Amino acid sequence: MHDDRRLVEGRLKRVLDERIRPAVYPHSVPLDIAVWNAPGEPVPVAEGLAAEPEPTAAGSRWGAPWGTSWFRVTGTVPPEWAGRTVEAILDLGFDENMPGFQCEGLVYRPDGTPVKGLNPRNQWVRIAAPAEGGEEVRLHIEAASNPVILDYHPFLPTQLGDKETAGTAPQYRLERMDLAVFDETVWQLVIDLEVLGELMQELPEDSGRRHEILRAVDRALDAVDLQDVNGTAAAARAELEAVLAAPAHDSAHRVSAVGHAHIDSAWLWPLRETVRKVARTTSNMTALLEDEPDFVFAMSQAQQWAWIKEHRPEVWAKVKKAVADGRFVPTGGMWVESDTNMPGSEAMARQFVHGKRFFLDEFGVENDEAWLPDTFGFAAGLPQIIKAAGAKWLLTQKISWSQTNKFPHHTFQWEGIDGTRIFTHFPPVDTYNCAMKGSEIAHAARNFKDKGVARHSLAPTGWGDGGGGTTREMIAKAARLRNLEGSATVQWETPAAFFEKAEAEYPNAPVWVGELYLELHRATLTSQAGTKQGNRRSEHLLREAELWAATAAVRAGFPYPYEELDRIWKTVLLHQFHDILPGSSIAWVHREARATYAAVAAELNGIIGAAQQALAGDGGRTLVFNSAPHPRAGVAAGGAGMPVAAGQSAIAARADGGFVLDNGLLRVEIDARGLVVSVYDIAAGRETVAPGHAANLPQLHADFPNMWDAWDVDEFYRNSVTDLTDAEEVVPGEGASVRVGRRFGASRMTQVLTLAPGERRLDIDTEVDWHETEKFLKLAFPLDVHAERYASETQFGHFHRPTHTNTSWEAAKFEACNHRFVHVEEPGWGVALVNDSTYGHDVTRAVRDADAGTTTTVRVSLLRAPRFPDPETDQGVHRFRHALTPGADVLDAVREGYRINLPERRVTGSGAEVAPLVAVDDDAVVVTAVKLADDGSGDVIVRFHEARGGRARARLTFGFEVGSLAVTDLLERPLDGTSAPERDGAVVSVALRPFELVTLRAGRA
């Protein structure tokens, strides 16, 4: 029987490939083709349609990289095809790769009505069903000659990733452009045989059901006359009716299919091309919805919906109608499918604010689910953000990519740092590009970890990444799998319908506490430093702009820039997409990102400057504005005033070479190599640097991962390291500072180490002119601290990770994410390392030779040099700021992290103090946003959280007469069943649980 199976499977493959599939289109005639090549960037649709094309033909070369060609195809349906179904076959020169990674097209009628997109798995356009014969055909194709950049083995450096370096050589050869008869009976036979053949391969060798299918397929192939497939296809289908009609067992796994096209908002294509990808895909999906009554399609990322509305109103009209019919479903409730490790607290909140608000405003749809199938791991602060946005479910698939440990659940409750739990599902199909193959559906059923207590899973179905969406073949397969013996059952459902069923059947789902760490793509915390710096600085500039614009609006009648801030927020949120902020996009994307961040900074600095000047008034006295959430140098948090003198710092020569810095709080020794060999906490009588070690040590590693260059750093990178100890210069700088210069490879590093008066921190400013290839640069700080765990900042709090590697789960976290700080401590004394723009880091512990103690080494990741997809990644000059803070508890780490990211601003004015709009009397309660309400009412919004990780009671004092007061969600809507905190005039008393997030809305009396 084993040999019989092999014979039938081999026969099936050959007959399908060589006889049956070609017979789907038994008759064809060529179309006449003409082409117009748009100069430069894409042109409006009307311009493309009106252009006068020149004749061309199949076989001709076309398409410079990133170019646009407008094809016009014309022809006449032959009279003898009357009564037949006729389609146009439009092959731009596709290969067999996934859609979205090569040339694509969008078909229009002469009046500009979009018809559908073209890609390798979707080359047809319906002309008539049935045809009358003699119909005149005229179609226009907006064809994008996007170059093939991703060729998985090997990842070769390419200049095609930027239009400025890609050249002009044609990328494609025009293939078939015909009118053809479509034989639906043969097409249905293809689907029958594919479904049964795929199912047969998944069933056990000794399964009776497998043998039934084997024999039925054999009989069907016998019924096909290979010289007359079209005339015998119906007879072949009749042989398969019985096995296709056998119902599934009641215990079969149940798959909720959700039509989907996960479209990367930028990746191996620029943002402007994603606008067109979305138009192509949504055109396909609205057309498919009209033809398939059971089909449901879900699309996330409000930004992509907004692009359609702005750029393709003709497509938007179709989308709006399909949404109104309840079958084209907005999902996810975020502006983009962002990275969730690196966005700051407010940015992560605003992803939901802007995403949910768009769907509410446009469609009246409230999303209950977060939809992040492809994001590279999930920060432990995310659950309470999802809840605070009014959502309750999360879907992702990416954790299945982890290389070391298999995640133990597919459906579970995910608990974040504050105790919030979110019902979460990982589709066991292990892809967000499900094509309804038998192997995929069988894998979902076998792979499902929660058998016995649950039996529902979700399958995002359709071509994604580069777009394309669901195909009619996938829908036809799903119809056969709806209730088929031997298979899981398949039903089209919305994400919400799936989650309602899954949650109802699994009320006591297991709990996973802490971050959902992806054991892969760890280098995305470091690649493309310029993009990451642009993000971090934009986040803090937005904080300042909102704070001072709101303060000036209340205090001085300053016009609050609602529209400008809304637009800028959306720009920053877009660039947090999970292939932009992580640094895994082509050069074009990051070149544009750097320019965008510069423009954002200029505009926000303009808003900040205007608001602060309105507050400062006229005069010649200098005011210091403090944007941080803690007092600084005598200036209140969120206020302005005159700074208090901070004492002095001194510099002296060191006996063995180098220098000693001293400000009465810390004594810092820098040796002749420019390395920090001592940071002595004078009050505590405690050394910071581990004995026999040196801190601020630059280290260089070879960095050539097994795959995914910009994404991955593999653990073996640690096997070799070069300590960069040679210094060209170690000289005094301005004030109490030391300047250190080094050369290594083709690069240069300059550092300035400063001990400021009155501060318990050593500031380290680093400039690197980076010209390495496939290298990884880190900065090491060996600390004389015995710690089994350390804290790193995440959204609205911090998260602890072990410093040891007792288990494979801990060992796999050899590169992790922090926001503004990493903190290591023993009871009563700790050290914080804060930064202004880096995210990747590692923390290790080692036993010292001299005694039984341990050294805890914190290393910050500065730069990488992968060659794919951007061969020039990070080449050039970069500047970083770090600070080492001995004797710091975790609240000190929070404070110093804000200070290094929010420097003081000095403005000349009247000199009158500016009181903050809101003051807090407990440093454990940190204000993350002060702004005016988005609805234009003039109400003041204050968002804050508990930052120590314990309980807190605090008083918030508003700097204005408060009328109404309400606790709200992130969208600034009052929370049902939640009363306002106790208030005595302008003083509000709050009690917070560990890491609790609160948003207050205060109306002005």
# chains A, B, ... in the order shown; residues from 1 in each chain; ligands from 1

call {"tool": "residues_around", "arguments": {"residues": "A:Gly620", "least_positions_apart": "6", "cutoff": "10 Å", "atoms": "only C-alpha atoms", "output": "PyMOL selection string"}}
result
chain A and resi 907-911

call {"tool": "closest_residue", "arguments": {"among": "A:Gly486, A:Gly830, A:Pro631, A:Pro383", "to": "A:Ala246", "atoms": "only C-alpha atoms"}}
result
A:Gly486

call {"tool": "select_by_dssp", "arguments": {"residues": "stretch 348-512 of chain A", "states": "strand (DSSP E)", "output": "list in words"}}
result
Glu369, Ala370, Trp371, Trp393, Leu394, Leu395, Thr411, Phe412, Gln413, Trp414, Glu415, Arg421, Ile422, Phe423, Thr424, His425, His456, Ser457, Leu458, Ala459, Pro460, Thr461, Thr489, Val490, Gln491, Trp492, Val511 and Trp512 of chain A

call {"tool": "closest_residue", "arguments": {"among": "A:His693, A:Lys277, A:Arg667, A:Arg881", "to": "A:Ala650", "atoms": "only C-alpha atoms"}}
result
A:Arg667

call {"tool": "residues_around", "arguments": {"residues": "A:Gly741", "least_positions_apart": "2", "cutoff": "10 Å", "atoms": "only C-alpha atoms", "output": "ChimeraX atom specification"}}
result
/A:673-674,726-731,739,743,748-752,766-768

call {"tool": "write_last_selection", "arguments": {"atoms": "N, CA and C atoms", "output": "tab-separated table (two decimals), in the first residue's frame"}}
result
chain	number	residue	atom	x	y	z
A	673	ARG	N	44.66	54.92	29.62
A	673	ARG	CA	43.99	54.35	28.45
A	673	ARG	C	42.64	55.01	28.17
A	674	GLY	N	42.26	55.94	29.05
A	674	GLY	CA	40.95	56.57	28.90
A	674	GLY	C	39.82	55.72	29.44
A	726	ASP	N	43.48	50.95	23.26
A	726	ASP	CA	44.47	51.92	22.80
A	726	ASP	C	43.82	53.27	22.60
A	727	ALA	N	44.48	54.31	23.15
A	727	ALA	CA	43.95	55.66	23.03
A	727	ALA	C	44.96	56.57	22.33
A	728	GLU	N	44.47	57.36	21.40
A	728	GLU	CA	45.32	58.37	20.76
A	728	GLU	C	45.52	59.58	21.66
A	729	GLU	N	44.49	59.88	22.43
A	729	GLU	CA	44.61	61.02	23.34
A	729	GLU	C	43.74	60.80	24.56
A	730	VAL	N	44.22	61.22	25.71
A	730	VAL	CA	43.47	61.30	26.96
A	730	VAL	C	43.85	62.63	27.56
A	731	VAL	N	43.00	63.64	27.39
A	731	VAL	CA	43.35	65.02	27.75
A	731	VAL	C	42.19	65.67	28.48
A	739	ARG	N	38.66	64.18	27.73
A	739	ARG	CA	38.37	63.77	26.36
A	739	ARG	C	39.29	62.62	25.97
A	743	ARG	N	41.22	55.15	17.74
A	743	ARG	CA	41.01	54.68	16.37
A	743	ARG	C	41.00	53.15	16.38
A	748	ARG	N	36.68	55.88	14.08
A	748	ARG	CA	37.23	56.70	15.16
A	748	ARG	C	36.15	56.93	16.21
A	749	MET	N	36.58	56.91	17.49
A	749	MET	CA	35.68	57.17	18.60
A	749	MET	C	36.25	58.29	19.45
A	750	THR	N	35.42	59.24	19.79
A	750	THR	CA	35.79	60.31	20.71
A	750	THR	C	34.78	60.34	21.84
A	751	GLN	N	35.28	60.34	23.06
A	751	GLN	CA	34.40	60.40	24.23
A	751	GLN	C	34.78	61.56	25.12
A	752	VAL	N	33.78	62.16	25.75
A	752	VAL	CA	33.98	63.17	26.77
A	752	VAL	C	33.31	62.68	28.04
A	766	THR	N	29.59	60.13	23.67
A	766	THR	CA	30.37	59.32	22.74
A	766	THR	C	30.04	59.71	21.31
A	767	GLU	N	31.08	59.96	20.53
A	767	GLU	CA	30.92	60.17	19.09
A	767	GLU	C	31.72	59.10	18.37
A	768	VAL	N	31.06	58.41	17.44
A	768	VAL	CA	31.72	57.36	16.66
A	768	VAL	C	31.56	57.69	15.19

call {"tool": "closest_atom_pairs", "arguments": {"of": "stretch 600-630 of chain A", "to": "stretch 913-923 of chain A", "cutoff": "9 Å", "atoms": "only C-alpha atoms", "output": "JSON lines"}}
result
{"residue": "A:Leu615", "atom": "CA", "partner": "A:Val914", "partner_atom": "CA", "distance": 7.0}
{"residue": "A:Ala616", "atom": "CA", "partner": "A:Val914", "partner_atom": "CA", "distance": 7.7}
{"residue": "A:Leu623", "atom": "CA", "partner": "A:Glu913", "partner_atom": "CA", "distance": 7.7}
{"residue": "A:Phe625", "atom": "CA", "partner": "A:Val914", "partner_atom": "CA", "distance": 8.5}
{"residue": "A:Pro629", "atom": "CA", "partner": "A:Asp923", "partner_atom": "CA", "distance": 8.5}
{"residue": "A:His630", "atom": "CA", "partner": "A:Asp923", "partner_atom": "CA", "distance": 7.0}

call {"tool": "write_last_selection", "arguments": {"atoms": "N, CA and C atoms", "output": "PDB file, in the first residue's frame"}}
result
ATOM      1  N   LEU A 615       5.201  81.982  27.694  1.00  0.00           N
ATOM      2  CA  LEU A 615       5.209  81.870  29.151  1.00  0.00           C
ATOM      3  C   LEU A 615       6.254  82.772  29.792  1.00  0.00           C
ATOM      4  N   ALA A 616       7.402  82.917  29.128  1.00  0.00           N
ATOM      5  CA  ALA A 616       8.488  83.717  29.704  1.00  0.00           C
ATOM      6  C   ALA A 616       8.219  85.207  29.631  1.00  0.00           C
ATOM      7  N   LEU A 623      15.272  82.245  32.213  1.00  0.00           N
ATOM      8  CA  LEU A 623      14.464  81.246  32.910  1.00  0.00           C
ATOM      9  C   LEU A 623      14.878  79.855  32.436  1.00  0.00           C
ATOM     10  N   PHE A 625      13.566  76.115  31.903  1.00  0.00           N
ATOM     11  CA  PHE A 625      12.353  75.299  31.771  1.00  0.00           C
ATOM     12  C   PHE A 625      12.726  73.837  31.997  1.00  0.00           C
ATOM     13  N   PRO A 629       9.745  64.995  34.705  1.00  0.00           N
ATOM     14  CA  PRO A 629       8.681  64.838  35.710  1.00  0.00           C
ATOM     15  C   PRO A 629       9.177  64.935  37.151  1.00  0.00           C
ATOM     16  N   HIS A 630      10.424  65.393  37.345  1.00  0.00           N
ATOM     17  CA  HIS A 630      10.978  65.558  38.688  1.00  0.00           C
ATOM     18  C   HIS A 630      11.633  66.935  38.781  1.00  0.00           C
TER      19      HIS A 630
END

call {"tool": "residues_around", "arguments": {"residues": "stretch 982-993 of chain A", "least_positions_apart": "2", "cutoff": "8 Å", "atoms": "only C-alpha atoms", "output": "list in words"}}
result
Asp418, His945, Glu946, Gly950, Arg951, Ala952, Arg953, Ala954, Arg955, Leu956, Thr957, Phe958, Gly959, Phe960, Glu961, Val962, Ala980, Phe995 and Glu996 of chain A

call {"tool": "residues_around", "arguments": {"residues": "stretch 495-504 of chain A", "least_positions_apart": "6", "cutoff": "12 Å", "atoms": "only C-alpha atoms", "output": "compact mmCIF listing (two decimals) with C-alpha atoms, in the first residue's frame"}}
result
# COMPACT_ATOMS: atom_id res chain seq x y z
CA ARG A 254 -11.95 24.10 14.61
CA VAL A 255 -10.15 26.74 12.58
CA SER A 256 -11.53 30.26 12.27
CA ALA A 257 -10.23 31.53 8.95
CA VAL A 258 -9.81 35.30 8.78
CA GLY A 259 -9.09 36.76 5.37
CA HIS A 260 -5.97 38.83 5.78
CA VAL A 296 -14.64 37.81 5.69
CA PHE A 297 -11.56 40.01 5.36
CA ALA A 298 -9.83 41.83 8.22
CA MET A 299 -7.26 44.61 7.86
CA SER A 300 -5.26 46.25 10.61
CA ARG A 327 -17.46 41.81 5.89
CA PHE A 328 -14.41 44.06 5.51
CA VAL A 329 -13.36 44.35 9.14
CA PRO A 330 -11.10 46.95 10.75
CA THR A 331 -8.98 45.08 13.27
CA GLY A 332 -6.22 45.70 15.78
CA VAL A 365 -16.11 50.40 15.06
CA GLU A 366 -14.59 49.72 18.49
CA ASN A 367 -11.77 47.18 18.36
CA ASP A 368 -11.47 44.74 21.25
CA GLU A 369 -8.34 43.06 19.93
CA ALA A 370 -4.73 44.03 19.40
CA TRP A 371 -3.52 42.44 16.17
CA ALA A 391 -9.35 46.36 24.36
CA LYS A 392 -9.06 42.89 25.88
CA TRP A 393 -7.49 40.44 23.40
CA LEU A 394 -4.15 40.01 21.64
CA LEU A 395 -3.15 38.00 18.59
CA HIS A 410 -1.35 28.79 22.01
CA THR A 411 -4.21 30.29 24.03
CA PHE A 412 -3.45 31.83 27.42
CA GLN A 413 -3.76 34.82 29.70
CA ILE A 422 -4.99 39.93 28.39
CA PHE A 423 -6.53 36.89 26.69
CA THR A 424 -3.95 36.01 24.03
CA HIS A 425 -3.83 33.65 21.07
CA PHE A 426 -0.92 32.40 19.00
CA PRO A 427 -2.32 30.74 15.85
CA ASP A 450 -4.21 23.35 24.42
CA VAL A 453 -9.42 21.98 27.13
CA ALA A 454 -9.83 24.06 23.97
CA ARG A 455 -10.21 23.34 20.27
CA HIS A 456 -10.50 26.69 18.47
CA SER A 457 -7.66 28.40 16.66
CA LEU A 458 -7.37 31.20 14.16
CA ALA A 459 -5.72 31.16 10.72
CA PRO A 460 -4.92 34.54 9.09
CA THR A 461 -5.48 33.54 5.47
CA PRO A 510 -3.06 29.29 31.81

call {"tool": "closest_residue", "arguments": {"among": "A:His354, A:Pro343, A:Gly468, A:Glu205", "to": "A:Leu106", "atoms": "only C-alpha atoms"}}
result
A:Gly468

call {"tool": "select_by_dssp", "arguments": {"residues": "stretch 44-283 of chain A", "states": "helix (DSSP H, G or I)", "output": "tab-separated table (two decimals) with N, CA and C atoms, in the first residue's frame"}}
result
chain	number	residue	atom	x	y	z
A	45	VAL	N	-3.57	58.79	-10.85
A	45	VAL	CA	-4.24	57.84	-11.73
A	45	VAL	C	-4.72	58.53	-13.00
A	46	ALA	N	-5.32	59.69	-12.87
A	46	ALA	CA	-5.85	60.38	-14.04
A	46	ALA	C	-4.75	60.67	-15.05
A	47	GLU	N	-3.57	61.03	-14.57
A	47	GLU	CA	-2.46	61.31	-15.48
A	47	GLU	C	-2.00	60.04	-16.18
A	48	GLY	N	-1.93	58.94	-15.44
A	48	GLY	CA	-1.53	57.68	-16.04
A	48	GLY	C	-2.51	57.20	-17.10
A	49	LEU	N	-3.79	57.38	-16.83
A	49	LEU	CA	-4.81	56.96	-17.80
A	49	LEU	C	-4.79	57.83	-19.05
A	50	ALA	N	-4.48	59.10	-18.89
A	50	ALA	CA	-4.53	60.03	-20.02
A	50	ALA	C	-3.27	59.99	-20.88
A	79	PRO	N	-16.33	35.90	-31.25
A	79	PRO	CA	-17.77	35.56	-31.26
A	79	PRO	C	-18.03	34.13	-30.84
A	80	GLU	N	-17.13	33.20	-31.19
A	80	GLU	CA	-17.36	31.78	-30.86
A	80	GLU	C	-17.27	31.49	-29.36
A	81	TRP	N	-16.84	32.49	-28.55
A	81	TRP	CA	-16.79	32.28	-27.11
A	81	TRP	C	-18.11	32.66	-26.44
A	159	GLN	N	22.41	47.16	-4.10
A	159	GLN	CA	22.16	48.60	-4.23
A	159	GLN	C	20.74	48.88	-4.69
A	160	LEU	N	19.94	47.83	-4.88
A	160	LEU	CA	18.57	48.01	-5.36
A	160	LEU	C	17.64	48.59	-4.30
A	161	GLY	N	18.11	48.66	-3.07
A	161	GLY	CA	17.25	49.11	-1.98
A	161	GLY	C	17.06	50.61	-1.87
A	184	GLU	N	-14.56	26.65	-15.57
A	184	GLU	CA	-14.71	26.55	-14.12
A	184	GLU	C	-14.74	25.10	-13.66
A	185	THR	N	-15.26	24.20	-14.46
A	185	THR	CA	-15.30	22.79	-14.05
A	185	THR	C	-13.89	22.25	-13.86
A	186	VAL	N	-13.01	22.56	-14.80
A	186	VAL	CA	-11.62	22.11	-14.66
A	186	VAL	C	-10.98	22.78	-13.44
A	187	TRP	N	-11.24	24.07	-13.26
A	187	TRP	CA	-10.68	24.79	-12.10
A	187	TRP	C	-11.15	24.15	-10.79
A	188	GLN	N	-12.42	23.80	-10.70
A	188	GLN	CA	-12.94	23.14	-9.51
A	188	GLN	C	-12.29	21.77	-9.32
A	189	LEU	N	-12.03	21.06	-10.41
A	189	LEU	CA	-11.35	19.78	-10.31
A	189	LEU	C	-9.95	19.96	-9.74
A	190	VAL	N	-9.27	20.99	-10.17
A	190	VAL	CA	-7.94	21.28	-9.61
A	190	VAL	C	-8.03	21.43	-8.09
A	191	ILE	N	-9.00	22.22	-7.63
A	191	ILE	CA	-9.14	22.44	-6.19
A	191	ILE	C	-9.48	21.13	-5.48
A	192	ASP	N	-10.42	20.35	-6.04
A	192	ASP	CA	-10.76	19.05	-5.44
A	192	ASP	C	-9.51	18.20	-5.24
A	193	LEU	N	-8.72	18.08	-6.28
A	193	LEU	CA	-7.55	17.21	-6.23
A	193	LEU	C	-6.47	17.76	-5.31
A	194	GLU	N	-6.30	19.08	-5.29
A	194	GLU	CA	-5.30	19.67	-4.39
A	194	GLU	C	-5.69	19.43	-2.94
A	195	VAL	N	-6.94	19.67	-2.60
A	195	VAL	CA	-7.39	19.49	-1.21
A	195	VAL	C	-7.23	18.03	-0.78
A	196	LEU	N	-7.69	17.11	-1.60
A	196	LEU	CA	-7.61	15.69	-1.23
A	196	LEU	C	-6.17	15.20	-1.23
A	197	GLY	N	-5.39	15.65	-2.21
A	197	GLY	CA	-3.99	15.24	-2.24
A	197	GLY	C	-3.23	15.74	-1.03
A	198	GLU	N	-3.47	16.99	-0.64
A	198	GLU	CA	-2.79	17.55	0.53
A	198	GLU	C	-3.26	16.87	1.82
A	199	LEU	N	-4.57	16.60	1.93
A	199	LEU	CA	-5.07	15.91	3.10
A	199	LEU	C	-4.51	14.49	3.19
A	200	MET	N	-4.47	13.80	2.08
A	200	MET	CA	-3.98	12.44	2.04
A	200	MET	C	-2.55	12.35	2.59
A	201	GLN	N	-1.73	13.33	2.25
A	201	GLN	CA	-0.35	13.31	2.71
A	201	GLN	C	-0.23	13.52	4.22
A	202	GLU	N	-1.23	14.13	4.83
A	202	GLU	CA	-1.17	14.42	6.26
A	202	GLU	C	-1.74	13.31	7.13
A	208	GLY	N	-7.59	4.39	7.41
A	208	GLY	CA	-8.59	3.99	6.43
A	208	GLY	C	-9.03	5.16	5.58
A	209	ARG	N	-9.13	6.33	6.18
A	209	ARG	CA	-9.53	7.52	5.44
A	209	ARG	C	-8.50	7.84	4.36
A	210	ARG	N	-7.24	7.65	4.67
A	210	ARG	CA	-6.20	7.90	3.67
A	210	ARG	C	-6.37	6.97	2.47
A	211	HIS	N	-6.67	5.71	2.74
A	211	HIS	CA	-6.84	4.75	1.65
A	211	HIS	C	-8.06	5.08	0.81
A	212	GLU	N	-9.15	5.57	1.47
A	212	GLU	CA	-10.35	5.96	0.72
A	212	GLU	C	-10.02	7.09	-0.26
A	213	ILE	N	-9.30	8.08	0.24
A	213	ILE	CA	-8.93	9.21	-0.62
A	213	ILE	C	-8.02	8.73	-1.75
A	214	LEU	N	-7.07	7.89	-1.41
A	214	LEU	CA	-6.13	7.36	-2.40
A	214	LEU	C	-6.87	6.71	-3.56
A	215	ARG	N	-7.83	5.87	-3.24
A	215	ARG	CA	-8.56	5.16	-4.28
A	215	ARG	C	-9.44	6.11	-5.09
A	216	ALA	N	-10.06	7.08	-4.39
A	216	ALA	CA	-10.91	8.03	-5.10
A	216	ALA	C	-10.10	8.88	-6.07
A	217	VAL	N	-8.96	9.34	-5.64
A	217	VAL	CA	-8.10	10.13	-6.52
A	217	VAL	C	-7.65	9.29	-7.71
A	218	ASP	N	-7.31	8.04	-7.44
A	218	ASP	CA	-6.90	7.14	-8.53
A	218	ASP	C	-8.02	7.00	-9.56
A	219	ARG	N	-9.27	6.83	-9.06
A	219	ARG	CA	-10.40	6.69	-9.99
A	219	ARG	C	-10.63	7.98	-10.77
A	220	ALA	N	-10.48	9.11	-10.10
A	220	ALA	CA	-10.68	10.39	-10.78
A	220	ALA	C	-9.66	10.59	-11.89
A	221	LEU	N	-8.43	10.22	-11.62
A	221	LEU	CA	-7.41	10.36	-12.66
A	221	LEU	C	-7.66	9.40	-13.81
A	222	ASP	N	-8.21	8.23	-13.48
A	222	ASP	CA	-8.59	7.30	-14.56
A	222	ASP	C	-9.68	7.90	-15.44
A	223	ALA	N	-10.55	8.70	-14.84
A	223	ALA	CA	-11.68	9.27	-15.59
A	223	ALA	C	-11.27	10.44	-16.48
A	229	VAL	N	-9.21	16.93	-21.43
A	229	VAL	CA	-9.44	17.22	-20.01
A	229	VAL	C	-10.74	17.97	-19.81
A	230	ASN	N	-10.99	18.96	-20.66
A	230	ASN	CA	-12.18	19.78	-20.47
A	230	ASN	C	-13.46	18.97	-20.65
A	231	GLY	N	-13.44	17.99	-21.55
A	231	GLY	CA	-14.63	17.19	-21.77
A	231	GLY	C	-14.85	16.13	-20.72
A	232	THR	N	-13.82	15.80	-19.92
A	232	THR	CA	-13.95	14.71	-18.94
A	232	THR	C	-13.80	15.18	-17.51
A	233	ALA	N	-13.62	16.47	-17.28
A	233	ALA	CA	-13.41	16.98	-15.92
A	233	ALA	C	-14.62	16.71	-15.02
A	234	ALA	N	-15.83	16.84	-15.55
A	234	ALA	CA	-17.02	16.61	-14.74
A	234	ALA	C	-17.08	15.16	-14.27
A	235	ALA	N	-16.73	14.24	-15.14
A	235	ALA	CA	-16.73	12.83	-14.75
A	235	ALA	C	-15.70	12.57	-13.66
A	236	ALA	N	-14.54	13.22	-13.77
A	236	ALA	CA	-13.51	13.05	-12.75
A	236	ALA	C	-13.99	13.60	-11.40
A	237	ARG	N	-14.66	14.72	-11.44
A	237	ARG	CA	-15.17	15.30	-10.20
A	237	ARG	C	-16.20	14.38	-9.55
A	238	ALA	N	-16.99	13.72	-10.37
A	238	ALA	CA	-18.01	12.81	-9.82
A	238	ALA	C	-17.37	11.70	-9.00
A	241	GLU	N	-16.85	12.97	-5.34
A	241	GLU	CA	-17.95	13.53	-4.55
A	241	GLU	C	-18.10	12.86	-3.20
A	242	ALA	N	-18.00	11.56	-3.16
A	242	ALA	CA	-18.25	10.84	-1.91
A	242	ALA	C	-17.21	11.17	-0.85
A	243	VAL	N	-15.92	11.17	-1.21
A	243	VAL	CA	-14.91	11.45	-0.18
A	243	VAL	C	-14.94	12.91	0.24
A	244	LEU	N	-15.36	13.81	-0.64
A	244	LEU	CA	-15.47	15.22	-0.27
A	244	LEU	C	-16.69	15.50	0.58
A	245	ALA	N	-17.68	14.60	0.52
A	245	ALA	CA	-18.92	14.80	1.28
A	245	ALA	C	-18.87	14.20	2.67
A	271	LEU	N	7.81	53.76	1.89
A	271	LEU	CA	6.46	54.07	2.34
A	271	LEU	C	5.53	54.37	1.18
A	272	ARG	N	6.01	55.09	0.18
A	272	ARG	CA	5.11	55.46	-0.91
A	272	ARG	C	4.63	54.24	-1.67
A	273	GLU	N	5.44	53.19	-1.70
A	273	GLU	CA	4.99	51.99	-2.41
A	273	GLU	C	3.97	51.23	-1.59
A	274	THR	N	4.03	51.32	-0.27
A	274	THR	CA	3.03	50.67	0.56
A	274	THR	C	1.65	51.26	0.32
A	275	VAL	N	1.59	52.55	0.05
A	275	VAL	CA	0.31	53.18	-0.29
A	275	VAL	C	-0.32	52.44	-1.47
A	276	ARG	N	0.48	52.13	-2.47
A	276	ARG	CA	-0.04	51.44	-3.65
A	276	ARG	C	-0.30	49.96	-3.38
A	277	LYS	N	0.53	49.33	-2.55
A	277	LYS	CA	0.29	47.94	-2.19
A	277	LYS	C	-1.07	47.78	-1.51
A	278	VAL	N	-1.38	48.71	-0.63
A	278	VAL	CA	-2.66	48.65	0.07
A	278	VAL	C	-3.82	48.83	-0.91
A	279	ALA	N	-3.65	49.75	-1.87
A	279	ALA	CA	-4.72	49.96	-2.86
A	279	ALA	C	-4.93	48.70	-3.70
A	280	ARG	N	-3.84	48.04	-4.10
A	280	ARG	CA	-3.97	46.82	-4.90
A	280	ARG	C	-4.69	45.74	-4.11
A	281	THR	N	-4.23	45.54	-2.88
A	281	THR	CA	-4.78	44.44	-2.08
A	281	THR	C	-6.24	44.69	-1.74
A	282	THR	N	-6.58	45.89	-1.33
A	282	THR	CA	-7.97	46.15	-0.96
A	282	THR	C	-8.89	46.10	-2.18
A	283	SER	N	-8.36	46.48	-3.34
A	283	SER	CA	-9.17	46.32	-4.55
A	283	SER	C	-9.47	44.85	-4.80

call {"tool": "residues_around", "arguments": {"residues": "A:Asp723", "least_positions_apart": "4", "cutoff": "12 Å", "atoms": "only C-alpha atoms", "output": "list in words"}}
result
Arg673, Leu675, His693, Ala694, Ala695, Asn696, Leu697, Pro698, Gln699, Leu700, His701, Ala727, Arg742, Phe744, Leu777, Lys778, Leu779 and Ala780 of chain A
